[in-house]
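final18.pdb (PDB, C-alpha atoms)
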```pdb
ATOM      1  CA  MET A   1      -9.565 -19.287 -24.799
ATOM      2  CA  PRO A   2     -10.655 -16.392 -22.584
ATOM      3  CA  ASP A   3      -7.912 -14.178 -21.229
ATOM      4  CA  LEU A   4      -9.451 -14.127 -17.743
ATOM      5  CA  LEU A   5      -6.920 -15.534 -15.290
ATOM      6  CA  VAL A   6      -8.934 -15.297 -12.090
ATOM      7  CA  ARG A   7      -9.460 -18.575 -10.284
ATOM      8  CA  PRO A   8     -12.601 -18.769  -8.091
ATOM      9  CA  ILE A   9     -10.473 -18.234  -4.997
ATOM     10  CA  ALA A  10      -7.004 -17.139  -6.025
ATOM     11  CA  ARG A  11      -4.083 -17.252  -3.693
ATOM     12  CA  ARG A  12      -2.129 -14.017  -3.980
ATOM     13  CA  ARG A  13       0.441 -14.752  -1.287
ATOM     14  CA  PHE A  14       3.931 -15.862  -2.233
ATOM     15  CA  ILE A  15       5.747 -16.826   0.943
ATOM     16  CA  ARG A  16       8.022 -19.817   1.145
ATOM     17  CA  ILE A  17       8.494 -21.393   4.547
ATOM     18  CA  GLY A  18      12.208 -21.741   5.182
ATOM     19  CA  ALA A  19      11.815 -23.848   8.311
ATOM     20  CA  ALA A  20      11.851 -27.615   8.173
ATOM     21  CA  LEU A  21       8.778 -27.913  10.383
ATOM     22  CA  ALA A  22       5.531 -25.956  10.199
ATOM     23  CA  ALA A  23       4.359 -26.489  13.766
ATOM     24  CA  MET A  24       5.972 -27.749  16.934
ATOM     25  CA  ALA A  25       5.130 -28.801  20.471
ATOM     26  CA  PHE A  26       8.059 -30.680  21.929
ATOM     27  CA  VAL A  27      10.880 -30.958  24.421
ATOM     28  CA  PRO A  28      13.932 -29.674  22.443
ATOM     29  CA  ALA A  29      16.272 -32.446  23.623
ATOM     30  CA  THR A  30      13.978 -35.073  22.153
ATOM     31  CA  LEU A  31      13.297 -33.325  18.860
ATOM     32  CA  ALA A  32      15.306 -35.680  16.693
ATOM     33  CA  ALA A  33      13.371 -38.727  17.842
ATOM     34  CA  ALA A  34       9.943 -37.094  18.017
ATOM     35  CA  PRO A  35       7.251 -38.291  15.614
ATOM     36  CA  VAL A  36       5.988 -35.812  13.030
ATOM     37  CA  ARG A  37       2.254 -35.656  12.297
ATOM     38  CA  ARG A  38       1.315 -33.769   9.124
ATOM     39  CA  TRP A  39      -1.898 -32.187   7.913
ATOM     40  CA  PHE A  40      -2.604 -30.590   4.540
ATOM     41  CA  GLY A  41      -5.758 -28.786   3.545
ATOM     42  CA  ASN A  42      -7.192 -25.503   2.300
ATOM     43  CA  ALA A  43      -8.405 -22.248   3.814
ATOM     44  CA  LEU A  44     -10.451 -19.999   1.531
ATOM     45  CA  GLY A  45      -8.873 -21.744  -1.427
ATOM     46  CA  ALA A  46      -5.277 -21.310  -0.240
ATOM     47  CA  HIS A  47      -3.007 -24.234   0.534
ATOM     48  CA  ALA A  48      -2.697 -24.871   4.257
ATOM     49  CA  SER A  49      -0.347 -27.132   6.179
ATOM     50  CA  ILE A  50       0.577 -28.019   9.747
ATOM     51  CA  GLU A  51       3.160 -30.392  11.173
ATOM     52  CA  LEU A  52       2.982 -31.399  14.818
ATOM     53  CA  VAL A  53       6.221 -32.651  16.317
ATOM     54  CA  GLY A  54       6.160 -34.758  19.438
ATOM     55  CA  ALA A  55       2.399 -35.313  19.386
ATOM     56  CA  ASP A  56       1.142 -38.868  19.522
ATOM     57  CA  ALA A  57      -1.331 -40.044  16.913
ATOM     58  CA  THR A  58      -4.381 -39.520  19.117
ATOM     59  CA  LEU A  59      -3.448 -35.928  20.001
ATOM     60  CA  ALA A  60      -2.561 -35.105  16.398
ATOM     61  CA  THR A  61      -5.819 -36.540  15.062
ATOM     62  CA  ALA A  62      -7.871 -34.567  17.558
ATOM     63  CA  THR A  63      -5.927 -31.366  16.871
ATOM     64  CA  PHE A  64      -6.228 -31.645  13.099
ATOM     65  CA  ALA A  65      -9.947 -32.373  13.376
ATOM     66  CA  ALA A  66     -10.377 -29.237  15.491
ATOM     67  CA  VAL A  67      -8.401 -27.192  12.950
ATOM     68  CA  GLU A  68     -10.579 -28.431  10.089
ATOM     69  CA  GLN A  69     -13.726 -27.652  12.047
ATOM     70  CA  GLU A  70     -12.539 -24.126  12.830
ATOM     71  CA  ILE A  71     -11.543 -23.440   9.225
ATOM     72  CA  ALA A  72     -14.928 -24.709   8.000
ATOM     73  CA  ARG A  73     -16.748 -22.526  10.532
ATOM     74  CA  LEU A  74     -14.869 -19.408   9.471
ATOM     75  CA  GLU A  75     -15.235 -20.161   5.766
ATOM     76  CA  SER A  76     -18.999 -20.316   6.325
ATOM     77  CA  LEU A  77     -18.722 -16.683   7.400
ATOM     78  CA  PHE A  78     -16.143 -15.153   5.064
ATOM     79  CA  SER A  79     -16.201 -17.087   1.782
ATOM     80  CA  LEU A  80     -17.081 -14.978  -1.248
ATOM     81  CA  TYR A  81     -17.806 -18.050  -3.363
ATOM     82  CA  ARG A  82     -20.076 -20.065  -1.100
ATOM     83  CA  THR A  83     -23.621 -18.915  -1.695
ATOM     84  CA  ASP A  84     -24.608 -19.869   1.843
ATOM     85  CA  SER A  85     -21.830 -17.904   3.584
ATOM     86  CA  ALA A  86     -22.630 -14.916   5.760
ATOM     87  CA  LEU A  87     -20.684 -12.658   3.375
ATOM     88  CA  SER A  88     -22.599 -13.908   0.338
ATOM     89  CA  ARG A  89     -25.895 -13.316   2.117
ATOM     90  CA  LEU A  90     -24.786  -9.795   3.009
ATOM     91  CA  ASN A  91     -23.823  -9.097  -0.609
ATOM     92  CA  ALA A  92     -27.084 -10.534  -1.940
ATOM     93  CA  ASN A  93     -29.388  -8.735   0.501
ATOM     94  CA  GLY A  94     -27.463  -5.631   1.451
ATOM     95  CA  ARG A  95     -27.769  -6.566   5.120
ATOM     96  CA  LEU A  96     -26.932  -9.351   7.534
ATOM     97  CA  ASP A  97     -28.952  -9.667  10.696
ATOM     98  CA  ALA A  98     -27.495 -10.927  13.987
ATOM     99  CA  PRO A  99     -23.888 -11.132  12.717
ATOM    100  CA  GLU A 100     -21.570 -13.512  14.514
ATOM    101  CA  ALA A 101     -18.857 -12.140  16.785
ATOM    102  CA  ASP A 102     -16.078 -13.073  14.346
ATOM    103  CA  ILE A 103     -17.682 -10.961  11.632
ATOM    104  CA  LEU A 104     -17.873  -7.952  13.936
ATOM    105  CA  ARG A 105     -14.274  -8.397  15.081
ATOM    106  CA  LEU A 106     -13.065  -8.649  11.497
ATOM    107  CA  LEU A 107     -15.059  -5.598  10.384
ATOM    108  CA  ALA A 108     -13.678  -3.608  13.320
ATOM    109  CA  LEU A 109     -10.156  -4.420  12.121
ATOM    110  CA  VAL A 110     -11.142  -3.494   8.562
ATOM    111  CA  ARG A 111     -12.367  -0.115   9.812
ATOM    112  CA  SER A 112      -9.068   0.483  11.615
ATOM    113  CA  VAL A 113      -6.886  -0.445   8.615
ATOM    114  CA  HIS A 114      -9.163   1.487   6.246
ATOM    115  CA  ALA A 115      -8.520   4.622   8.322
ATOM    116  CA  GLU A 116      -4.804   3.947   8.724
ATOM    117  CA  THR A 117      -4.281   3.508   4.971
ATOM    118  CA  GLY A 118      -6.306   6.532   3.915
ATOM    119  CA  GLY A 119      -9.005   4.292   2.499
ATOM    120  CA  LEU A 120      -6.694   2.233   0.300
ATOM    121  CA  PHE A 121      -7.719  -0.939   2.097
ATOM    122  CA  ASP A 122     -11.396  -1.127   1.244
ATOM    123  CA  PRO A 123     -13.196  -4.483   0.912
ATOM    124  CA  THR A 124     -16.182  -2.769  -0.746
ATOM    125  CA  VAL A 125     -14.077  -2.599  -3.944
ATOM    126  CA  GLN A 126     -15.815  -5.836  -4.987
ATOM    127  CA  PRO A 127     -18.158  -4.127  -7.528
ATOM    128  CA  VAL A 128     -15.067  -2.765  -9.311
ATOM    129  CA  PHE A 129     -13.484  -6.211  -9.379
ATOM    130  CA  ALA A 130     -16.737  -7.658 -10.745
ATOM    131  CA  ALA A 131     -16.843  -5.034 -13.502
ATOM    132  CA  TYR A 132     -13.312  -5.800 -14.658
ATOM    133  CA  ALA A 133     -13.817  -9.560 -14.405
ATOM    134  CA  ALA A 134     -17.018  -9.427 -16.457
ATOM    135  CA  HIS A 135     -15.376  -7.196 -19.052
ATOM    136  CA  PHE A 136     -12.424  -9.519 -19.602
ATOM    137  CA  ALA A 137     -14.298 -12.806 -19.229
ATOM    138  CA  GLY A 138     -14.832 -13.140 -22.974
ATOM    139  CA  GLY A 139     -11.187 -12.565 -23.850
ATOM    140  CA  ARG A 140     -11.447  -8.814 -24.480
ATOM    141  CA  THR A 141      -8.234  -6.799 -24.260
ATOM    142  CA  ASP A 142      -9.606  -3.263 -24.543
ATOM    143  CA  ALA A 143      -9.901  -1.032 -21.500
ATOM    144  CA  LEU A 144     -12.949  -1.143 -19.289
ATOM    145  CA  PRO A 145     -15.168   1.735 -20.510
ATOM    146  CA  ALA A 146     -15.001   4.798 -18.292
ATOM    147  CA  ALA A 147     -18.764   4.784 -17.767
ATOM    148  CA  GLU A 148     -18.715   1.192 -16.471
ATOM    149  CA  LEU A 149     -15.746   1.921 -14.233
ATOM    150  CA  GLY A 150     -17.417   5.037 -12.866
ATOM    151  CA  ASP A 151     -20.646   3.167 -12.158
ATOM    152  CA  SER A 152     -18.761   0.591 -10.111
ATOM    153  CA  LEU A 153     -16.645   3.141  -8.246
ATOM    154  CA  VAL A 154     -19.663   5.032  -6.897
ATOM    155  CA  ARG A 155     -20.660   1.848  -5.050
ATOM    156  CA  VAL A 156     -17.342   1.689  -3.164
ATOM    157  CA  GLY A 157     -16.749   3.068   0.313
ATOM    158  CA  PHE A 158     -16.298   1.248   3.597
ATOM    159  CA  ASP A 159     -17.649   4.308   5.396
ATOM    160  CA  GLN A 160     -21.003   3.238   3.927
ATOM    161  CA  VAL A 161     -20.900  -0.087   5.805
ATOM    162  CA  MET A 162     -22.792   0.106   9.097
ATOM    163  CA  PHE A 163     -22.411  -2.654  11.655
ATOM    164  CA  ASP A 164     -23.235  -3.468  15.230
ATOM    165  CA  GLU A 165     -24.411  -6.507  17.170
ATOM    166  CA  GLU A 166     -27.822  -6.368  15.506
ATOM    167  CA  VAL A 167     -27.017  -5.919  11.833
ATOM    168  CA  VAL A 168     -24.400  -5.337   9.149
ATOM    169  CA  ARG A 169     -25.802  -3.296   6.285
ATOM    170  CA  PHE A 170     -24.803  -1.317   3.225
ATOM    171  CA  SER A 171     -26.138   2.227   3.050
ATOM    172  CA  LYS A 172     -26.062   2.372  -0.767
ATOM    173  CA  PRO A 173     -27.655  -0.062  -3.238
ATOM    174  CA  GLY A 174     -25.417  -2.312  -5.310
ATOM    175  CA  MET A 175     -22.597  -2.467  -2.796
ATOM    176  CA  ALA A 176     -20.699  -5.690  -2.102
ATOM    177  CA  MET A 177     -17.634  -6.748  -0.144
ATOM    178  CA  THR A 178     -14.771  -9.153  -0.579
ATOM    179  CA  LEU A 179     -12.816 -10.174   2.504
ATOM    180  CA  ASN A 180     -10.137 -12.003   0.516
ATOM    181  CA  GLY A 181      -7.589  -9.359   1.501
ATOM    182  CA  ILE A 182      -7.906 -10.043   5.225
ATOM    183  CA  ALA A 183      -9.886 -13.226   5.949
ATOM    184  CA  GLN A 184      -7.010 -15.650   5.308
ATOM    185  CA  GLY A 185      -4.984 -13.762   7.879
ATOM    186  CA  TYR A 186      -7.875 -13.777  10.313
ATOM    187  CA  ILE A 187      -8.307 -17.541   9.936
ATOM    188  CA  THR A 188      -4.569 -17.987  10.459
ATOM    189  CA  ASP A 189      -4.807 -16.039  13.713
ATOM    190  CA  ARG A 190      -7.769 -18.081  14.924
ATOM    191  CA  VAL A 191      -6.028 -21.385  14.167
ATOM    192  CA  ALA A 192      -2.959 -20.130  16.012
ATOM    193  CA  ASP A 193      -5.201 -19.376  18.987
ATOM    194  CA  LEU A 194      -6.599 -22.906  18.801
ATOM    195  CA  LEU A 195      -3.108 -24.430  18.814
ATOM    196  CA  ARG A 196      -2.051 -22.279  21.756
ATOM    197  CA  ALA A 197      -5.096 -23.426  23.685
ATOM    198  CA  ARG A 198      -4.048 -27.031  23.059
ATOM    199  CA  GLY A 199      -0.543 -26.438  24.387
ATOM    200  CA  PHE A 200       1.370 -25.848  21.146
ATOM    201  CA  ASP A 201       3.428 -22.754  21.896
ATOM    202  CA  ASN A 202       6.346 -23.091  19.452
ATOM    203  CA  VAL A 203       4.647 -23.094  16.084
ATOM    204  CA  LEU A 204       5.105 -21.996  12.487
ATOM    205  CA  LEU A 205       1.876 -22.485  10.601
ATOM    206  CA  ASP A 206       0.683 -21.698   7.103
ATOM    207  CA  ILE A 207      -3.099 -21.313   6.956
ATOM    208  CA  GLY A 208      -3.214 -18.931   4.024
ATOM    209  CA  GLU A 209      -0.814 -16.600   5.816
ATOM    210  CA  ILE A 210       2.229 -17.280   7.992
ATOM    211  CA  GLN A 211       2.103 -17.018  11.784
ATOM    212  CA  ALA A 212       5.062 -17.822  14.044
ATOM    213  CA  LEU A 213       4.657 -18.603  17.720
ATOM    214  CA  GLY A 214       7.689 -18.977  19.943
ATOM    215  CA  GLY A 215      11.322 -18.870  18.923
ATOM    216  CA  GLY A 216      11.647 -21.894  16.660
ATOM    217  CA  ARG A 217      14.241 -24.626  16.960
ATOM    218  CA  ASP A 218      17.053 -22.501  18.350
ATOM    219  CA  GLY A 219      15.050 -19.791  20.095
ATOM    220  CA  GLY A 220      16.214 -17.143  17.641
ATOM    221  CA  GLY A 221      13.029 -17.092  15.618
ATOM    222  CA  TRP A 222      11.466 -19.166  12.871
ATOM    223  CA  LYS A 223      13.115 -18.891   9.447
ATOM    224  CA  VAL A 224      10.653 -17.744   6.788
ATOM    225  CA  GLY A 225      11.736 -17.074   3.221
ATOM    226  CA  LEU A 226      10.006 -14.450   1.082
ATOM    227  CA  ALA A 227       9.784 -15.453  -2.566
ATOM    228  CA  ALA A 228      11.146 -13.034  -5.152
ATOM    229  CA  GLY A 229       8.239 -13.467  -7.558
ATOM    230  CA  PRO A 230       4.914 -15.185  -8.221
ATOM    231  CA  ASN A 231       6.540 -18.446  -9.263
ATOM    232  CA  GLY A 232       8.355 -18.741  -5.938
ATOM    233  CA  ASP A 233      11.513 -20.024  -7.637
ATOM    234  CA  ALA A 234      13.908 -17.708  -5.801
ATOM    235  CA  LEU A 235      14.023 -16.126  -2.372
ATOM    236  CA  ALA A 236      14.213 -12.354  -2.009
ATOM    237  CA  THR A 237      15.084 -12.468   1.676
ATOM    238  CA  THR A 238      14.816 -14.652   4.751
ATOM    239  CA  LEU A 239      13.211 -13.441   7.963
ATOM    240  CA  ARG A 240      13.452 -14.589  11.564
ATOM    241  CA  LEU A 241       9.998 -14.448  13.108
ATOM    242  CA  LYS A 242       9.156 -14.791  16.785
ATOM    243  CA  ASP A 243       5.533 -14.239  17.799
ATOM    244  CA  ARG A 244       4.966 -12.372  14.533
ATOM    245  CA  ALA A 245       3.094 -12.883  11.275
ATOM    246  CA  VAL A 246       3.951 -12.059   7.674
ATOM    247  CA  ALA A 247       1.871 -11.562   4.532
ATOM    248  CA  THR A 248       2.975 -10.703   0.997
ATOM    249  CA  SER A 249       0.994  -9.111  -1.825
ATOM    250  CA  MET A 250       1.922  -8.780  -5.486
ATOM    251  CA  MET A 251      -0.106  -6.879  -8.034
ATOM    252  CA  ASP A 252       0.752  -9.489 -10.682
ATOM    253  CA  GLY A 253       0.120 -12.439  -8.380
ATOM    254  CA  THR A 254      -3.211 -12.913 -10.130
ATOM    255  CA  LEU A 255      -4.101 -11.141 -13.358
ATOM    256  CA  LEU A 256      -7.537 -10.131 -14.538
ATOM    257  CA  ASN A 257      -6.184  -9.762 -18.055
ATOM    258  CA  ALA A 258      -2.805 -11.071 -19.157
ATOM    259  CA  ALA A 259      -2.484  -8.867 -22.245
ATOM    260  CA  GLY A 260      -3.271  -5.717 -20.303
ATOM    261  CA  ARG A 261      -1.345  -6.821 -17.197
ATOM    262  CA  ILE A 262      -4.193  -5.701 -14.960
ATOM    263  CA  GLY A 263      -3.660  -7.012 -11.470
ATOM    264  CA  HIS A 264      -6.311  -8.214  -9.083
ATOM    265  CA  ILE A 265      -5.684  -5.591  -6.365
ATOM    266  CA  LEU A 266      -7.746  -2.579  -7.399
ATOM    267  CA  HIS A 267      -7.649   1.004  -6.188
ATOM    268  CA  PRO A 268     -10.949   1.865  -4.445
ATOM    269  CA  ARG A 269     -11.059   5.316  -6.066
ATOM    270  CA  LYS A 270      -9.375   4.653  -9.423
ATOM    271  CA  GLY A 271      -9.750   0.999 -10.352
ATOM    272  CA  ALA A 272      -6.787  -0.630 -12.088
ATOM    273  CA  VAL A 273      -3.509   1.188 -11.408
ATOM    274  CA  ALA A 274       0.175   0.446 -11.812
ATOM    275  CA  SER A 275       2.091  -0.409  -8.673
ATOM    276  CA  ALA A 276       5.460   1.040  -7.716
ATOM    277  CA  PHE A 277       6.331  -2.335  -6.179
ATOM    278  CA  SER A 278       6.548  -5.826  -7.578
ATOM    279  CA  ALA A 279       5.978  -7.202  -4.069
ATOM    280  CA  VAL A 280       5.358  -5.912  -0.563
ATOM    281  CA  SER A 281       5.635  -8.042   2.564
ATOM    282  CA  ILE A 282       4.330  -6.838   5.914
ATOM    283  CA  VAL A 283       5.407  -8.235   9.283
ATOM    284  CA  ALA A 284       3.012  -7.521  12.144
ATOM    285  CA  GLY A 285       1.774  -9.012  15.374
ATOM    286  CA  GLN A 286      -1.380 -10.388  13.743
ATOM    287  CA  ALA A 287      -1.693 -12.241  10.449
ATOM    288  CA  ALA A 288      -4.965 -10.441   9.694
ATOM    289  CA  LEU A 289      -3.293  -7.051  10.120
ATOM    290  CA  ALA A 290      -0.316  -8.075   7.975
ATOM    291  CA  ASP A 291      -2.736  -9.423   5.355
ATOM    292  CA  ALA A 292      -4.766  -6.215   5.134
ATOM    293  CA  LEU A 293      -1.777  -3.876   5.197
ATOM    294  CA  SER A 294       0.036  -5.811   2.460
ATOM    295  CA  THR A 295      -3.055  -5.508   0.258
ATOM    296  CA  ALA A 296      -3.116  -1.738   0.663
ATOM    297  CA  ALA A 297       0.666  -1.366   0.468
ATOM    298  CA  VAL A 298       0.943  -2.338  -3.209
ATOM    299  CA  LEU A 299      -1.325   0.647  -3.984
ATOM    300  CA  MET A 300       0.854   3.105  -2.051
ATOM    301  CA  THR A 301       3.479   5.510  -3.275
ATOM    302  CA  PRO A 302       6.987   5.081  -1.842
ATOM    303  CA  ASP A 303       6.354   8.030   0.505
ATOM    304  CA  GLU A 304       3.103   6.506   1.742
ATOM    305  CA  LEU A 305       4.810   3.173   2.298
ATOM    306  CA  SER A 306       7.603   4.826   4.276
ATOM    307  CA  ARG A 307       5.019   6.291   6.650
ATOM    308  CA  LEU A 308       3.463   2.851   7.053
ATOM    309  CA  ASN A 309       6.913   1.531   7.913
ATOM    310  CA  SER A 310       7.078   3.957  10.834
ATOM    311  CA  ALA A 311       3.724   2.839  12.224
ATOM    312  CA  GLY A 312       5.090  -0.149  14.148
ATOM    313  CA  VAL A 313       5.128  -2.717  11.360
ATOM    314  CA  GLU A 314       8.039  -4.094   9.360
ATOM    315  CA  VAL A 315       7.911  -3.540   5.604
ATOM    316  CA  HIS A 316       9.859  -5.412   2.917
ATOM    317  CA  ALA A 317       9.195  -3.908  -0.519
ATOM    318  CA  THR A 318      10.676  -4.702  -3.916
ATOM    319  CA  PRO A 319      10.450  -1.778  -6.389
ATOM    320  CA  VAL A 320       9.258  -2.483  -9.914
TER     321      VAL A 320
END
```
As a first step, turn the structure in this file into structure tokens.
Amino acid sequence: MPDLLVRPIARRRFIRIGAALAAMAFVPATLAAAPVRRWFGNALGAHASIELVGADATLATATFAAVEQEIARLESLFSLYRTDSALSRLNANGRLDAPEADILRLLALVRSVHAETGGLFDPTVQPVFAAYAAHFAGGRTDALPAAELGDSLVRVGFDQVMFDEEVVRFSKPGMAMTLNGIAQGYITDRVADLLRARGFDNVLLDIGEIQALGGGRDGGGWKVGLAAGPNGDALATTLRLKDRAVATSMMDGTLLNAAGRIGHILHPRKGAVASAFSAVSIVAGQAALADALSTAAVLMTPDELSRLNSAGVEVHATPV
């Protein structure tokens, strides 16, 4: 049996919703008697769920259909595993002509977080991931040869990604991107926007990441529990979120090689590294921002993480 533990689209988030309801649009006095309409699905391979309270069947059906349509549209842009996605076409050809507005908005956020994290958040690390995955696919437990690692690292660098309204292109051959460290958050934000537009303004939704709108049942914020480990069997802490999002990353959430304990979040200049933290959760105004920052945070030193904590986001880190 190969030792490769990477699923095609692996969920690396370990957040347990502590609230009883995942989305709400209701008059508080009638909450107890309000019908609950539930939806379950997937977004980029991650479990997704929504519960609408107080919505009649017709409204719920229309809302869930719109959510599914929006998720499908965004997956057609950002999926790494769909050969027809915009991202896959960019990786195959080294360029993407006439990129859609959502791609440009996401890449602009990537550029901002890349700069803020000193390059630690870098979606062009995909060639390094591919090198490790190929190496361990046959059950090997030895280290990736330095020459192979070096060959993949020279193809990394978001500063070599050029984009504008006409084209997205790589300036070096052999480059590729993965948006798995930010796209789930971006989709979560877009679905939250959709629900707002339909009048749902007190919402806790899980579309790959967690986004809270409004103050929850009692106005004090939605209760969201952060799991203590990958199995999610115990809670490390419980947050109160109001118009905020949270994302959690763990180096061991998905392993490329169980024997070597090589995690799936790779350093863009070094490859596989040990993390000082078993888990880092980031609370921010946007799910996409929290998603990206949590990915970079597990690669940071404690001093680097403390500076991130002062940059207007809330950090919850568990040392190794």
Could I get the residues of stretch 76-172 of chain A with an atom no further than 12 Å from an atom of stretch 35-48 of chain A, each paired with its nearest atom pair and that distance in Å to one decimal, using all atoms listed in the file, sorted by chain and residue number, as JSON lines?
```
{"residue": "A:Ser76", "atom": "CA", "partner": "A:Leu44", "partner_atom": "CA", "distance": 9.8}
{"residue": "A:Leu77", "atom": "CA", "partner": "A:Leu44", "partner_atom": "CA", "distance": 10.7}
{"residue": "A:Phe78", "atom": "CA", "partner": "A:Leu44", "partner_atom": "CA", "distance": 8.3}
{"residue": "A:Ser79", "atom": "CA", "partner": "A:Leu44", "partner_atom": "CA", "distance": 6.5}
{"residue": "A:Leu80", "atom": "CA", "partner": "A:Leu44", "partner_atom": "CA", "distance": 8.8}
{"residue": "A:Tyr81", "atom": "CA", "partner": "A:Leu44", "partner_atom": "CA", "distance": 9.0}
{"residue": "A:Arg82", "atom": "CA", "partner": "A:Leu44", "partner_atom": "CA", "distance": 10.0}
{"residue": "A:Ser85", "atom": "CA", "partner": "A:Leu44", "partner_atom": "CA", "distance": 11.8}
```
With 12 Å as the threshold, what does the neighbourhood of (-25.3, -13.7, 17.5) contain in terms of residues, counting all atoms listed in the file? Coordinates are those of the file; answer as a PDB file with C-alpha atoms, keeping the file's coordinate frame.
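Just written: part-v5.pdb:
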```pdb
ATOM      1  CA  LEU A  96     -26.932  -9.351   7.534  1.00  0.00           C
ATOM      2  CA  ASP A  97     -28.952  -9.667  10.696  1.00  0.00           C
ATOM      3  CA  ALA A  98     -27.495 -10.927  13.987  1.00  0.00           C
ATOM      4  CA  PRO A  99     -23.888 -11.132  12.717  1.00  0.00           C
ATOM      5  CA  GLU A 100     -21.570 -13.512  14.514  1.00  0.00           C
ATOM      6  CA  ALA A 101     -18.857 -12.140  16.785  1.00  0.00           C
ATOM      7  CA  ASP A 102     -16.078 -13.073  14.346  1.00  0.00           C
ATOM      8  CA  ILE A 103     -17.682 -10.961  11.632  1.00  0.00           C
ATOM      9  CA  LEU A 104     -17.873  -7.952  13.936  1.00  0.00           C
ATOM     10  CA  ASP A 164     -23.235  -3.468  15.230  1.00  0.00           C
ATOM     11  CA  GLU A 165     -24.411  -6.507  17.170  1.00  0.00           C
ATOM     12  CA  GLU A 166     -27.822  -6.368  15.506  1.00  0.00           C
ATOM     13  CA  VAL A 167     -27.017  -5.919  11.833  1.00  0.00           C
ATOM     14  CA  VAL A 168     -24.400  -5.337   9.149  1.00  0.00           C
TER      15      VAL A 168
END
```
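Between atom CA of A:Tyr132 and atom CA of A:Gly185 there is a distance of 25.3 Å.
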Just checking: using only C-alpha atoms, which residue out of A:Asp291, A:Val283, A:Gly221, A:Val191 ends up closest to A:Asn309?
A:Val283
What is the distance, in Å and to one decimal place, between atom CA of A:Ala55 and atom CA of A:Leu241?
23.1 Å
